[in-house]
Amino acid sequence: MPAPRKFSRGRLVTAALALVDAAGLDGLTMRSLATELGTGPMTIYNYVNGRDGLEQLVTEAVMAEATWPDPSDDWREDVRAVAEGMWRAVRAHPHAIPLILTRRTFDLPTLRPAEALVRALARSGRSGTELLVAFRTVSAFVAGFAQAELAGPLSRDLDAMETTDRLEDLDEAEFTGLLEIAEAAVTSDPEAEFAAGMRIVLAGLEGKTR
């Protein structure tokens, strides 16, 4: 009987994320991952602990793609840069967003951007609970913005005309605001939206230092 085929963790991570990108979270199973790697399902159990292990591979793979420049002398710019790096990594893999939002992980690729964000925020003069609140606020903005863009009622996964068609039957008097932003969403640029949103967040954070 041939010995089980060996794989690097990096190859497992890459294969797991590729499956999620192609088929969603439901497409990630021991069997599908084994097929992707050209081995049997039981071999995968030598590397990961069931479904929990598979999900860890995905979150690790997504956050490993987050990049940001070295710290500057401006904490605001550093917060923006780390947040943007996290956002770009998450939005590149929309099927993985449910895991990013709900899974508690302690792998290094996930902890590194979190640590970079905390350090940047600490340079605004915050510590303890205030630092925690700032960290959670920025993290929530990043995850929530990606989710709203890719899975919300004005999701970019929907064709612009489809979005318009879904909303055009709404009572204009009752849903004036939604109809206005739906029209804006047709031509809005996600990069510009994220940058504008971060300016709002940073304006709030700057209140601490004034």
# chains A, B, ... in the order shown; residues from 1 in each chain; ligands from 1
>>> select_by_dssp(residues="range 49-108 of chain A", states="helix (DSSP H, G or I)", output="VMD selection string")
chain A and resid 50 to 64 75 to 91 94 to 102 108
>>> residues_around(residues="Ala89 in chain A", least_positions_apart="2", cutoff="12 Å", atoms="only C-alpha atoms", output="PyMOL selection string")
chain A and resi 58-68+82-87+91-94+96-97+100+109-110+113+142-143+146
>>> closest_residue(among="A:Phe141, A:Val90, A:His95, A:Ser72", to="Ala18 in chain A", atoms="only C-alpha atoms")
A:His95
>>> residues_around(residues="Glu130 in chain A", least_positions_apart="6", cutoff="12 Å", atoms="only C-alpha atoms", output="VMD selection string")
chain A and resid 118 121 to 122 124 136 to 137 205 208
>>> write_last_selection(atoms="C-alpha atoms", output="PDB file, in the first residue's frame")
ATOM      1  CA  VAL A 118      -3.877  48.041  17.440  1.00  0.00           C
ATOM      2  CA  LEU A 121      -4.482  53.135  17.084  1.00  0.00           C
ATOM      3  CA  ALA A 122      -2.416  53.157  20.271  1.00  0.00           C
ATOM      4  CA  SER A 124      -3.500  58.131  18.880  1.00  0.00           C
ATOM      5  CA  ARG A 136     -13.426  47.014  17.360  1.00  0.00           C
ATOM      6  CA  THR A 137     -14.865  50.060  15.612  1.00  0.00           C
ATOM      7  CA  LEU A 205     -11.021  58.843  16.157  1.00  0.00           C
ATOM      8  CA  LYS A 208      -9.604  61.812  21.140  1.00  0.00           C
TER       9      LYS A 208
END
>>> closest_residue(among="A:Ala185, A:Ala116, A:Thr102, A:Leu54", to="Thr14 in chain A", atoms="only C-alpha atoms")
A:Leu54
>>> atom_distance(atom1="CA of Gly125 in chain A", atom2="CA of Pro69 in chain A")
21.2 Å
